[in-house]
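Novice: Here it is: the structure, laid out below.
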Amino acid sequence: MKISTKGRYALRLMLDIALHSDGSPVALRDVARRESISDKYLEQIVTPLQRAGLVRSVRGAGGGYLLTRTPAEYTVGDILRTLEGDLSPVECAVGGCCDQADRCVTVELWREIRQAIASVVDHTTLADLVERYQRKNSPQG
């Protein structure tokens, strides 16, 4: 399974908003500059995040985007699934996809992989990523 560019950039966008919002909206052009991502591409990414209620927009001068919850209330899984859909490595990990499924041993492996992925993304919060960022980018290193 491969996470698309949109999924990866959505996570970076959400992290950037969490890091740089002091209660005021974060402009996409500022995120684009800090993250070296096209602001046009970020506009495509923020739309599904907004539709899912993960961010809200503020119009006008000084406008931009805000998180709708605290960083601790978002999981990486929430964010990735908004852009990627199900994170299963193969379709048959979520249900029978062929007439072999009831006797197939590889389907068990795919389900274990799906569960391992879910365990990581559903137990890592945006707050965890903020903490990792701050630790990794502090002067003490």
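Every chain in the structure tokens has a letter given in the order shown (A, B, ...), and although residue numbers restart at 1 in each chain, ligands are simply numbered from 1 in the order shown.
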So that I can check the surroundings of stretch 50-59 of chain A, please list as an MDAnalysis selection string every protein, DNA and RNA residue that reaches within 9 Å of it, counting only C-alpha atoms and ignoring chain neighbours fewer than 3 positions away.

Specialist: chainID A and resid 14 25 46:47 62:69 74 78:79 82

Novice: Tell me, as a CSV table (one decimal) with N, CA, C and O atoms, in the first residue's frame, which residues lie within 10 Å of A:Ile113, counting only C-alpha atoms; anything in the same chain fewer than 5 positions away does not count.

Specialist:
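Resulting contents of selection.csv:
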```
chain,number,residue,atom,x,y,z
A,1,MET,N,0.8,-1.2,0.0
A,1,MET,CA,0.0,0.0,0.0
A,1,MET,C,0.9,1.2,0.0
A,1,MET,O,1.9,1.3,0.7
A,87,LEU,N,-7.5,2.2,4.1
A,87,LEU,CA,-6.1,2.1,4.0
A,87,LEU,C,-5.6,0.6,3.9
A,87,LEU,O,-4.5,0.3,4.2
A,88,SER,N,-6.5,-0.2,3.4
A,88,SER,CA,-6.2,-1.6,3.3
A,88,SER,C,-5.2,-1.8,2.1
A,88,SER,O,-5.2,-1.2,1.1
A,89,PRO,N,-4.3,-2.8,2.3
A,89,PRO,CA,-3.3,-3.1,1.3
A,89,PRO,C,-3.9,-3.7,0.0
A,89,PRO,O,-3.5,-3.5,-1.1
A,90,VAL,N,-5.0,-4.4,0.2
A,90,VAL,CA,-5.8,-5.1,-0.9
A,90,VAL,C,-7.3,-5.1,-0.6
A,90,VAL,O,-7.6,-5.0,0.6
A,93,ALA,N,-8.9,-7.5,2.0
A,93,ALA,CA,-8.7,-7.4,3.5
A,93,ALA,C,-9.9,-6.9,4.2
A,93,ALA,O,-10.0,-7.0,5.4
A,107,VAL,N,-5.5,-14.0,2.6
A,107,VAL,CA,-6.4,-13.0,3.0
A,107,VAL,C,-6.2,-12.7,4.5
A,107,VAL,O,-6.3,-11.6,5.0
A,108,GLU,N,-5.8,-13.7,5.3
A,108,GLU,CA,-5.5,-13.6,6.7
A,108,GLU,C,-4.3,-12.6,6.8
A,108,GLU,O,-4.3,-11.7,7.7
A,118,ALA,N,-3.8,0.2,10.7
A,118,ALA,CA,-4.8,0.9,11.5
A,118,ALA,C,-4.4,1.2,12.9
A,118,ALA,O,-4.6,2.2,13.5
A,119,SER,N,-3.6,0.2,13.5
A,119,SER,CA,-3.2,0.4,14.8
A,119,SER,C,-2.2,1.6,14.9
A,119,SER,O,-2.3,2.4,15.9
```

Novice: Separation of atom CA of A:Leu83 and atom CA of A:Thr124, in Å?

Specialist: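 Value for the atom CA of A:Leu83-atom CA of A:Thr124 distance: 17.1 Å.
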
Novice: If you run DSSP on the backbone here, which positions in stretch 15-137 of chain A get helix (DSSP H, G or I)? Please write them as a ChimeraX atom specification.

Specialist: /A:15-20,28-35,39-51,71-73,76-84,91-93,101-103,106-121,126-136

Novice: Residues of stretch 48-138 of chain A in strand (DSSP E or B) according to DSSP, as a ChimeraX atom specification?

Specialist: /A:55-58,64-67,75,125

Novice: Keeping only N, CA and C atoms, write the selected residues as a compact mmCIF listing (two decimals), in the first residue's frame.

Specialist:
```txt
# COMPACT_ATOMS: atom_id res chain seq x y z
N VAL A 55 -11.17 20.93 9.07
CA VAL A 55 -10.73 22.32 9.11
C VAL A 55 -11.92 23.20 8.76
N ARG A 56 -11.81 24.47 9.11
CA ARG A 56 -12.82 25.43 8.67
C ARG A 56 -12.10 26.65 8.12
N SER A 57 -12.74 27.27 7.15
CA SER A 57 -12.12 28.43 6.51
C SER A 57 -12.65 29.72 7.14
N VAL A 58 -11.79 30.71 7.12
CA VAL A 58 -12.14 32.06 7.55
C VAL A 58 -11.84 32.96 6.36
N GLY A 64 -7.91 32.34 6.34
CA GLY A 64 -7.13 31.12 6.17
C GLY A 64 -7.91 29.95 6.74
N TYR A 65 -7.19 29.02 7.34
CA TYR A 65 -7.82 27.80 7.86
C TYR A 65 -7.45 27.57 9.31
N LEU A 66 -8.43 27.02 10.02
CA LEU A 66 -8.27 26.65 11.43
C LEU A 66 -8.67 25.20 11.61
N LEU A 67 -8.06 24.55 12.57
CA LEU A 67 -8.50 23.22 12.97
C LEU A 67 -9.86 23.37 13.65
N THR A 75 -6.75 11.87 14.72
CA THR A 75 -5.77 10.81 14.51
C THR A 75 -5.24 10.94 13.09
N THR A 125 -1.81 10.71 17.12
CA THR A 125 -2.61 11.92 16.97
C THR A 125 -1.79 13.04 16.34
```

Novice: Using only C-alpha atoms, which of A:Val120, A:Lys2, A:Leu13, A:Ser24 sits nearest A:Asp39?

Specialist: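 Smallest distance to A:Asp39 is found for A:Leu13.
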